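Peer 1: This is the content of final-v6.cif (mmCIF, C-alpha atoms and all ligand atoms):
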```
data_work
#
loop_
_atom_site.label_atom_id
_atom_site.label_comp_id
_atom_site.auth_asym_id
_atom_site.auth_seq_id
_atom_site.Cartn_x
_atom_site.Cartn_y
_atom_site.Cartn_z
CA MET A 1 69.91 100.23 138.01
CA ALA A 2 71.37 99.10 134.68
CA ALA A 3 71.02 101.43 131.66
CA THR A 4 70.35 100.12 128.15
CA ALA A 5 70.80 101.51 124.63
CA HIS A 6 70.24 100.39 121.04
CA ALA A 7 71.87 101.19 117.67
CA CYS A 8 70.92 100.31 114.07
CA GLY A 9 72.62 98.17 111.50
CA LYS A 10 73.19 99.57 108.00
CA VAL A 11 72.44 98.48 104.46
CA ILE A 12 73.86 100.12 101.35
CA LEU A 13 70.89 100.37 98.99
CA LEU A 14 72.91 101.59 96.00
CA GLY A 15 76.39 102.87 95.24
CA GLU A 16 78.85 100.55 97.00
CA HIS A 17 82.34 100.43 95.43
CA ALA A 18 81.66 103.48 93.24
CA VAL A 19 81.56 105.38 96.56
CA VAL A 20 85.26 104.63 96.99
CA TYR A 21 85.86 106.73 93.83
CA GLY A 22 83.72 109.69 94.90
CA VAL A 23 80.28 108.61 93.67
CA PRO A 24 77.58 109.06 96.36
CA ALA A 25 76.06 105.97 98.00
CA LEU A 26 72.57 105.63 99.44
CA ALA A 27 72.52 103.86 102.82
CA VAL A 28 69.77 103.13 105.33
CA GLY A 29 69.64 102.21 108.99
CA ILE A 30 67.72 99.02 109.75
CA ASP A 31 65.88 98.10 112.90
CA ARG A 32 68.17 95.15 113.53
CA GLY A 33 71.35 96.21 115.27
CA ALA A 34 73.02 96.03 118.66
CA ARG A 35 71.93 96.55 122.26
CA ALA A 36 74.16 97.43 125.19
CA ARG A 37 73.47 97.32 128.90
CA ALA A 38 75.76 98.95 131.44
CA SER A 39 75.96 98.24 135.17
CA ALA A 40 78.20 100.18 137.54
CA LEU A 41 80.91 98.23 139.36
CA ASP A 42 82.16 99.06 142.85
CA GLU A 43 85.71 98.73 141.66
CA GLY A 44 87.55 98.43 138.34
CA PRO A 45 88.58 97.45 135.83
CA SER A 46 85.62 97.75 133.45
CA ARG A 47 84.54 94.75 131.40
CA LEU A 48 82.98 94.25 127.97
CA VAL A 49 80.90 91.11 127.47
CA ILE A 50 79.49 90.11 124.07
CA GLY A 51 77.27 87.19 124.96
CA GLY A 52 76.66 85.59 121.57
CA TRP A 53 80.33 85.71 120.64
CA ASN A 54 81.79 84.30 123.86
CA VAL A 55 83.75 87.50 124.42
CA SER A 56 84.56 88.88 127.85
CA VAL A 57 87.43 91.37 127.88
CA ARG A 58 88.93 94.09 130.02
CA PRO A 59 90.29 97.33 128.53
CA ASP A 60 93.92 96.31 129.03
CA ASP A 61 93.62 92.96 127.23
CA SER A 62 95.25 92.61 123.81
CA HIS A 63 92.10 91.47 121.93
CA ASP A 64 90.94 93.95 119.24
CA LEU A 65 87.59 94.27 121.00
CA ALA A 66 89.41 95.14 124.23
CA ARG A 67 91.50 97.77 122.45
CA ALA A 68 88.41 99.23 120.83
CA PHE A 69 86.61 99.28 124.20
CA ARG A 70 89.59 101.07 125.75
CA ALA A 71 89.71 103.62 122.90
CA LEU A 72 86.02 104.36 123.40
CA LEU A 73 86.33 104.64 127.20
CA ASP A 74 89.38 106.91 126.86
CA ALA A 75 87.46 109.20 124.50
CA SER A 76 84.47 109.35 126.86
CA SER A 77 84.02 111.30 130.06
CA SER A 78 83.15 108.13 131.97
CA THR A 79 85.26 107.58 135.07
CA ARG A 80 83.31 104.87 136.91
CA PRO A 81 84.12 101.23 136.25
CA LEU A 82 81.35 99.44 134.36
CA THR A 83 80.32 96.10 132.99
CA VAL A 84 78.92 96.56 129.48
CA ASP A 85 76.91 93.63 128.11
CA VAL A 86 76.31 93.66 124.36
CA GLU A 87 74.06 91.64 122.10
CA ALA A 88 74.10 92.02 118.32
CA ASP A 89 71.51 90.60 115.96
CA LEU A 90 73.59 91.20 112.82
CA PRO A 91 76.06 88.80 111.25
CA PRO A 92 79.58 90.10 111.97
CA GLY A 93 81.55 90.83 108.80
CA GLY A 94 78.38 90.69 106.68
CA GLY A 95 78.57 94.29 105.47
CA LEU A 96 75.69 95.31 107.73
CA GLY A 97 77.63 97.65 110.00
CA CYS A 98 77.75 95.27 112.96
CA SER A 99 80.87 96.74 114.58
CA ALA A 100 79.62 100.34 114.24
CA ALA A 101 76.24 99.36 115.75
CA ILE A 102 78.04 97.85 118.75
CA GLY A 103 80.27 100.93 119.09
CA VAL A 104 77.26 103.28 118.98
CA ALA A 105 75.26 101.17 121.46
CA ILE A 106 78.21 101.17 123.91
CA ALA A 107 78.78 104.92 123.43
CA ARG A 108 75.10 105.61 124.10
CA VAL A 109 74.91 103.49 127.20
CA ILE A 110 78.07 105.05 128.62
CA GLU A 111 77.07 108.63 127.75
CA PRO A 112 73.25 108.59 127.74
CA HIS A 113 72.97 112.37 127.42
CA ALA A 114 75.47 112.81 124.58
CA SER A 115 74.33 114.29 121.25
CA ALA A 116 74.21 112.05 118.15
CA GLU A 117 77.42 113.76 116.95
CA ALA A 118 79.19 113.06 120.24
CA VAL A 119 78.00 109.44 120.16
CA GLN A 120 79.32 109.11 116.60
CA ALA A 121 82.69 110.54 117.65
CA LEU A 122 82.97 107.95 120.45
CA ALA A 123 81.92 105.17 118.09
CA MET A 124 84.58 106.30 115.61
CA ALA A 125 87.27 105.82 118.30
CA TRP A 126 85.99 102.22 118.51
CA GLU A 127 85.72 101.76 114.73
CA ARG A 128 89.27 102.98 114.03
CA VAL A 129 90.67 99.96 115.88
CA PHE A 130 89.00 97.62 113.37
CA HIS A 131 88.94 99.63 110.16
CA GLY A 132 91.94 101.98 110.35
CA ASN A 133 90.36 104.81 108.44
CA PRO A 134 86.60 104.19 108.34
CA SER A 135 84.50 106.51 106.20
CA GLY A 136 82.12 107.08 109.11
CA VAL A 137 78.97 106.14 107.22
CA ASP A 138 78.38 103.02 109.34
CA ALA A 139 78.68 104.94 112.63
CA ALA A 140 76.50 107.80 111.37
CA VAL A 141 73.77 105.45 110.20
CA ALA A 142 74.03 103.36 113.39
CA ALA A 143 73.54 106.50 115.46
CA ARG A 144 70.68 108.04 113.54
CA GLY A 145 68.89 105.45 111.39
CA GLY A 146 66.88 106.78 108.45
CA CYS A 147 68.40 107.18 105.01
CA VAL A 148 71.52 109.09 104.05
CA LEU A 149 73.40 109.99 100.93
CA TYR A 150 77.05 109.56 101.69
CA ARG A 151 79.83 111.07 99.62
CA LYS A 152 83.44 110.52 100.62
CA GLY A 153 84.89 113.49 102.48
CA GLU A 154 81.60 115.38 102.63
CA ALA A 155 79.00 115.90 105.32
CA LEU A 156 76.17 113.35 105.29
CA ASP A 157 73.13 114.41 103.36
CA THR A 158 69.90 113.26 105.02
CA VAL A 159 67.28 111.78 102.72
CA ARG A 160 63.68 111.96 103.81
CA VAL A 161 62.02 108.55 103.43
CA ARG A 162 58.39 108.70 102.34
CA GLY A 163 56.39 105.65 103.35
CA PRO A 164 57.72 102.38 104.76
CA LEU A 165 60.74 100.67 103.23
CA GLN A 166 60.72 96.94 103.89
CA LEU A 167 63.79 94.89 103.11
CA CYS A 168 64.84 91.26 103.15
CA ILE A 169 68.50 90.64 103.87
CA GLY A 170 69.93 87.25 102.99
CA ASN A 171 73.32 85.76 103.61
CA SER A 172 74.93 84.17 100.54
CA GLY A 173 76.87 81.93 102.90
CA LEU A 174 80.29 82.96 101.66
CA ALA A 175 82.45 85.32 103.68
CA SER A 176 84.14 88.04 101.71
CA SER A 177 86.81 90.58 102.52
CA THR A 178 85.91 94.20 101.77
CA LYS A 179 89.59 95.01 101.32
CA ALA A 180 90.15 92.17 98.84
CA MET A 181 87.08 93.17 96.81
CA VAL A 182 88.06 96.86 96.77
CA ASP A 183 91.63 95.95 95.77
CA GLY A 184 90.36 93.62 93.02
CA LEU A 185 88.24 96.39 91.53
CA ALA A 186 91.19 98.80 91.71
CA ARG A 187 93.22 96.32 89.62
CA LEU A 188 90.39 95.95 87.10
CA ARG A 189 90.20 99.76 86.89
CA GLU A 190 93.91 99.89 86.04
CA ARG A 191 93.42 97.44 83.17
CA LYS A 192 89.99 98.58 81.93
CA HIS A 193 89.83 102.17 83.03
CA ASP A 194 87.13 103.37 80.62
CA LEU A 195 84.81 100.43 81.24
CA VAL A 196 84.99 100.84 85.01
CA GLU A 197 84.59 104.62 84.85
CA ARG A 198 81.55 104.28 82.60
CA SER A 199 80.00 101.88 85.12
CA PHE A 200 80.69 104.34 87.94
CA GLU A 201 79.03 107.16 85.99
CA ALA A 202 75.99 104.94 85.38
CA ILE A 203 75.88 104.11 89.11
CA ARG A 204 76.04 107.84 89.90
CA THR A 205 72.88 108.36 87.81
CA LEU A 206 71.14 105.39 89.45
CA VAL A 207 71.96 106.69 92.95
CA SER A 208 70.68 110.14 92.19
CA ASN A 209 67.43 108.73 90.79
CA ALA A 210 67.15 106.36 93.75
CA ARG A 211 67.31 109.30 96.11
CA LEU A 212 64.40 110.91 94.28
CA ALA A 213 62.46 107.63 94.38
CA VAL A 214 63.00 107.27 98.15
CA GLU A 215 61.84 110.85 98.70
CA ALA A 216 58.79 110.31 96.49
CA GLY A 217 57.89 106.97 98.10
CA ASP A 218 58.18 105.33 94.65
CA ARG A 219 59.28 101.86 95.67
CA SER A 220 58.78 100.24 92.25
CA THR A 221 61.28 102.66 90.70
CA LEU A 222 63.67 102.18 93.60
CA GLY A 223 63.50 98.41 93.06
CA ARG A 224 64.24 98.73 89.34
CA LEU A 225 67.20 101.00 90.10
CA MET A 226 68.54 98.40 92.54
CA ASP A 227 68.28 95.75 89.80
CA LEU A 228 70.21 97.97 87.39
CA ASN A 229 72.86 98.62 90.04
CA GLN A 230 73.19 94.86 90.51
CA MET A 231 73.69 94.40 86.76
CA LEU A 232 76.52 96.94 86.79
CA LEU A 233 78.11 95.36 89.89
CA GLY A 234 77.95 91.98 88.14
CA GLY A 235 79.72 93.53 85.14
CA LEU A 236 82.50 94.58 87.50
CA PHE A 237 82.90 90.95 88.71
CA LEU A 238 81.63 91.80 92.20
CA SER A 239 78.68 89.40 92.19
CA THR A 240 78.71 85.61 92.63
CA PRO A 241 76.49 82.81 91.29
CA GLU A 242 74.93 82.52 94.78
CA ILE A 243 74.08 86.23 94.90
CA GLU A 244 72.62 86.09 91.37
CA HIS A 245 70.57 83.06 92.39
CA MET A 246 69.29 84.84 95.50
CA CYS A 247 68.39 87.95 93.47
CA GLY A 248 66.47 85.80 90.97
CA LEU A 249 64.60 83.95 93.74
CA ALA A 250 63.68 87.24 95.40
CA ARG A 251 62.35 88.77 92.18
CA GLU A 252 60.34 85.61 91.38
CA ALA A 253 58.82 85.77 94.87
CA GLY A 254 57.64 89.34 94.25
CA ALA A 255 60.53 91.56 95.34
CA LEU A 256 60.64 94.95 93.63
CA GLY A 257 64.41 94.72 93.23
CA ALA A 258 67.41 92.84 94.58
CA LYS A 259 71.15 93.25 94.66
CA LEU A 260 74.28 92.53 96.63
CA THR A 261 74.95 94.96 99.46
CA GLY A 262 78.40 95.98 100.65
CA ALA A 263 81.54 94.50 99.24
CA GLY A 264 80.10 91.62 97.19
CA GLY A 265 82.08 88.48 96.31
CA GLY A 266 79.88 86.80 98.95
CA GLY A 267 78.31 88.52 101.93
CA CYS A 268 74.70 89.69 101.87
CA THR A 269 71.94 90.29 99.34
CA VAL A 270 69.23 92.92 99.88
CA ALA A 271 65.75 92.74 98.36
CA LEU A 272 63.17 95.52 98.48
CA VAL A 273 59.70 94.09 99.13
CA PRO A 274 56.26 95.70 98.91
CA SER A 275 54.68 93.90 101.89
CA ARG A 276 55.23 91.59 104.81
CA SER A 277 53.70 88.69 102.85
CA THR A 278 56.19 89.18 100.01
CA ALA A 279 58.96 89.34 102.61
CA ASP A 280 57.81 85.95 103.90
CA ALA A 281 57.73 84.57 100.34
CA VAL A 282 61.28 85.82 99.65
CA LEU A 283 62.61 84.42 102.93
CA SER A 284 60.96 81.03 102.26
CA ALA A 285 62.37 80.90 98.72
CA TRP A 286 65.82 81.65 100.08
CA ARG A 287 65.49 79.15 102.93
CA ARG A 288 64.42 76.38 100.53
CA GLU A 289 67.72 76.90 98.70
CA GLY A 290 69.74 77.00 101.93
CA PHE A 291 70.16 80.77 102.37
CA ASP A 292 69.45 82.35 105.78
CA GLY A 293 67.76 85.71 105.86
CA PHE A 294 65.60 88.09 107.79
CA ALA A 295 63.06 90.82 107.11
CA THR A 296 63.67 94.30 108.43
CA ASN A 297 62.41 97.85 108.10
CA VAL A 298 64.31 101.04 107.59
CA ALA A 299 64.68 102.48 111.08
CA ALA A 300 63.19 105.93 111.65
CA ASP A 301 65.71 108.75 111.58
CA VAL A 302 66.05 109.82 115.22
CA MET A 303 67.30 113.25 114.14
CA ALA A 304 64.51 113.96 111.66
CA VAL A 305 62.59 117.11 112.45
CA PRO A 306 58.89 116.36 111.98
CA HIS A 307 57.43 118.92 109.63
CA GLU A 308 54.20 117.31 108.51
CA SER A 309 51.21 119.24 109.84
CA GLY A 310 50.16 118.26 113.33
CA ALA A 311 53.26 116.12 113.99
CA ALA A 312 54.12 116.20 117.66
CA PRO A 313 57.76 116.74 118.59
O1 LIG B 1 80.80 95.52 103.35
P1 LIG B 1 80.93 96.90 103.87
O2 LIG B 1 79.81 97.43 104.72
O3 LIG B 1 82.28 97.18 104.47
O4 LIG B 1 80.77 97.84 102.60
C1 LIG B 1 81.77 97.98 101.67
C2 LIG B 1 81.41 99.12 100.82
C3 LIG B 1 82.47 99.42 99.79
O5 LIG B 1 81.96 100.48 99.00
C4 LIG B 1 82.73 98.23 98.91
C5 LIG B 1 83.78 99.82 100.42
C6 LIG B 1 83.79 101.18 101.10
O6 LIG B 1 84.76 101.46 101.83
O7 LIG B 1 82.88 101.99 100.87
#
```
Would you write out, as structure tokens, the structure that this file holds?

Peer 2:
Amino acid sequence: MAATAHACGKVILLGEHAVVYGVPALAVGIDRGARARASALDEGPSRLVIGGWNVSVRPDDSHDLARAFRALLDASSSTRPLTVDVEADLPPGGGLGCSAAIGVAIARVIEPHASAEAVQALAMAWERVFHGNPSGVDAAVAARGGCVLYRKGEALDTVRVRGPLQLCIGNSGLASSTKAMVDGLARLRERKHDLVERSFEAIRTLVSNARLAVEAGDRSTLGRLMDLNQMLLGGLFLSTPEIEHMCGLAREAGALGAKLTGAGGGGCTVALVPSRSTADAVLSAWRREGFDGFATNVAADVMAVPHESGAAP
């Protein structure tokens, strides 16, 4: 019988870019992500099929996805040849952790009894093929969902989410390169060091308050903090007219806050919404102006230990 597994996508709620310079970032797992299905083969070699992308590769092929698949298989204890079928419902390259979600889903389906840490380690073997030296936040969030505070070089700090967090994610329609955006900000920091550092310090304060708001279930405050983060990102030339337009449309439709998520310069916008009906209003407003989007919830943290009274394990 074929086994199946799922992994979450990720959204940075606050702190992108500043995180590169040691400021913490707040990230959440979303219930959109990737699914993998594995079926045993009588004989090798194994095969990776990603239906929606027209990809079908074997571990010895030269395609990046084949190399990543091989790296993951080599790091696993799997010895039987397999066909792994993957479907992802995230835009690739949209800053939503698509590749990490696929890596985690494959790791889980190959090693169904592995711990979350072991799954993350396998997914990192996959991620390194695409990202060289990934921070690991995408794989960690893909494996566990929930909300985390991530600080470069430090262990992930789990943030307990009180109450539901509903998000709308919209695509600005322009692709952007994370590397180009990070390099551009590094150049700005060389020229305007004090201005950029002051923005990072302000973002640090916003992130720390956002953590408290998430823990308190105070979504209005979280939304306002996202708006302020967006203003600072705009001041660092990381926003675009399309993203600003999408943020304005979302706020007019009732969103509690809206900002770019990830690298900026294109890519995706995230809006925090108070209800499903506001989510629908935001998505319609975006669609009317030609922007695709979807509503999603923050995925439950699979590692969270229930400690509310009467919670069953
Ligand atoms: O678009 P993504 O998910 O690769 O996010 C980029 C986040 C940055 O802070 C801009 C870069 C980084 O390495 O953290």

Peer 1: Residues at most 10 Å from ligand LIG 1 (chain B), using only C-alpha atoms and all ligand atoms? Could they come as an MDAnalysis selection string?

Peer 2: chainID A and resid 9:12 14:25 27 93:100 131 133:138 150:152 176:183 185 238 260:264 266:268

Peer 1: Could you check how far atom CA of A:Ser56 sits from atom CA of A:Arg70, in Å to one decimal?

Peer 2: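 So the answer is 13.4 Å.
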
Peer 1: I'd like the contact shell of A:Ala213 - 10 Å cut-off, only C-alpha atoms, skipping same-chain residues fewer than 4 positions apart - returned as a ChimeraX atom specification.

Peer 2: /A:161-162,207-209,217-223,225

Peer 1: Mind checking which residues fall within 8 Å of A:Asp280, counting all atoms listed in the file, ignoring those fewer than 4 positions away in the same chain, and posting them as JSON, numbers by chain?

Peer 2: {"A": [276, 284, 295]}

Peer 1: Pick out the residues sitting within 12 Å of A:Pro164, and hand them over as number ranges by chain; count all atoms listed in the file, and ignore anything fewer than 4 positions along from it in its own chain.

Peer 2: A: 30, 146-147, 160, 214-219, 272-276, 296-300

Peer 1: Ranking A:Phe294, A:Phe200, A:Phe69, A:Phe130 by minimum distance to A:Leu90 and counting only C-alpha atoms, which one comes first?

Peer 2: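 Using only C-alpha atoms, the shortest distance to A:Leu90 belongs to A:Phe294.
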
Peer 1: Which polymer residues have any atom within 12 Å of an atom of A:Ala66, counting all atoms listed in the file, with same-chain residues fewer than 3 positions away left out, as a list in words?

Peer 2: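 Near neighbours after the sequence-gap exclusion: Pro45, Ser46, Arg47, Leu48, Val49, Ile50, Val55, Ser56, Val57, Arg58, Pro59, Asp60, Asp61, Ser62, His63, Phe69, Arg70, Ala71, Leu72, Leu73, Val84, Gly103, Trp126, Val129 and Phe130 of chain A.
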
Peer 1: Tell me which residues come within 10 Å of (71.6, 97.2, 133.0), as a list of chain:residue names, counting all atoms listed in the file in the file's coordinates.

Peer 2: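 Final list of nearby residues, as requested, is A:Met1, A:Ala2, A:Ala3, A:Thr4, A:Ala5, A:Ala36, A:Arg37, A:Ala38, A:Ser39, A:Ala40, A:Thr83, A:Val84, A:Asp85, A:Val109.
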
Peer 1: Since the input is missing atoms, can you rebuild all heavy atoms for stretch 162-173 of chain A and write them as a short mmCIF file (atom, residue, chain, number, x, y, z; two decimals), in the coordinates of the input?

Peer 2:
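For reference, part_2.cif as written:
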```cif
data_model
loop_
_atom_site.label_atom_id
_atom_site.label_comp_id
_atom_site.auth_asym_id
_atom_site.auth_seq_id
_atom_site.Cartn_x
_atom_site.Cartn_y
_atom_site.Cartn_z
N ARG A 162 59.86 108.60 102.34
CA ARG A 162 58.39 108.70 102.34
C ARG A 162 57.82 107.28 102.32
O ARG A 162 58.14 106.50 101.42
CB ARG A 162 57.91 109.47 101.12
CG ARG A 162 56.40 109.58 101.07
CD ARG A 162 55.97 110.31 99.84
NE ARG A 162 56.32 111.71 99.96
CZ ARG A 162 55.42 112.70 100.04
NH1 ARG A 162 54.14 112.42 99.99
NH2 ARG A 162 55.80 113.94 100.14
N GLY A 163 57.01 106.98 103.29
CA GLY A 163 56.39 105.65 103.35
C GLY A 163 57.36 104.60 103.87
O GLY A 163 58.56 104.86 103.99
N PRO A 164 56.85 103.42 104.20
CA PRO A 164 57.72 102.38 104.76
C PRO A 164 58.64 101.77 103.70
O PRO A 164 58.26 101.68 102.53
CB PRO A 164 56.73 101.33 105.27
CG PRO A 164 55.50 101.53 104.47
CD PRO A 164 55.45 102.98 104.06
N LEU A 165 59.82 101.41 104.12
CA LEU A 165 60.74 100.67 103.23
C LEU A 165 61.02 99.34 103.90
O LEU A 165 61.64 99.29 104.96
CB LEU A 165 62.06 101.42 103.05
CG LEU A 165 62.13 102.54 102.03
CD1 LEU A 165 63.55 103.09 101.97
CD2 LEU A 165 61.69 102.06 100.65
N GLN A 166 60.51 98.27 103.30
CA GLN A 166 60.72 96.94 103.89
C GLN A 166 61.76 96.19 103.07
O GLN A 166 61.68 96.17 101.83
CB GLN A 166 59.42 96.15 103.89
CG GLN A 166 58.33 96.83 104.69
CD GLN A 166 57.07 95.99 104.70
OE1 GLN A 166 57.06 94.90 105.25
NE2 GLN A 166 56.03 96.48 104.08
N LEU A 167 62.68 95.57 103.78
CA LEU A 167 63.79 94.89 103.11
C LEU A 167 63.89 93.45 103.60
O LEU A 167 63.54 93.15 104.75
CB LEU A 167 65.11 95.60 103.44
CG LEU A 167 65.19 97.10 103.12
CD1 LEU A 167 66.47 97.68 103.69
CD2 LEU A 167 65.13 97.34 101.61
N CYS A 168 64.39 92.58 102.72
CA CYS A 168 64.84 91.26 103.15
C CYS A 168 66.34 91.24 102.96
O CYS A 168 66.85 91.68 101.91
CB CYS A 168 64.24 90.16 102.29
SG CYS A 168 62.50 89.92 102.57
N ILE A 169 67.04 90.74 103.96
CA ILE A 169 68.50 90.64 103.87
C ILE A 169 68.82 89.15 103.95
O ILE A 169 68.36 88.46 104.87
CB ILE A 169 69.20 91.33 105.07
CG1 ILE A 169 68.59 92.70 105.37
CG2 ILE A 169 70.70 91.38 104.86
CD1 ILE A 169 68.90 93.77 104.42
N GLY A 170 69.58 88.66 102.99
CA GLY A 170 69.93 87.25 102.99
C GLY A 170 71.44 87.07 102.93
O GLY A 170 72.15 87.87 102.32
N ASN A 171 71.88 86.02 103.58
CA ASN A 171 73.32 85.76 103.61
C ASN A 171 73.66 84.75 102.53
O ASN A 171 73.10 83.65 102.52
CB ASN A 171 73.67 85.22 105.00
CG ASN A 171 75.16 85.29 105.27
OD1 ASN A 171 75.96 85.20 104.33
ND2 ASN A 171 75.51 85.44 106.52
N SER A 172 74.58 85.09 101.64
CA SER A 172 74.93 84.17 100.54
C SER A 172 75.74 82.98 101.05
O SER A 172 75.96 82.03 100.31
CB SER A 172 75.73 84.91 99.46
OG SER A 172 77.03 85.19 99.94
N GLY A 173 76.17 83.06 102.30
CA GLY A 173 76.87 81.93 102.90
C GLY A 173 78.37 81.96 102.70
O GLY A 173 79.09 81.16 103.28
#
```
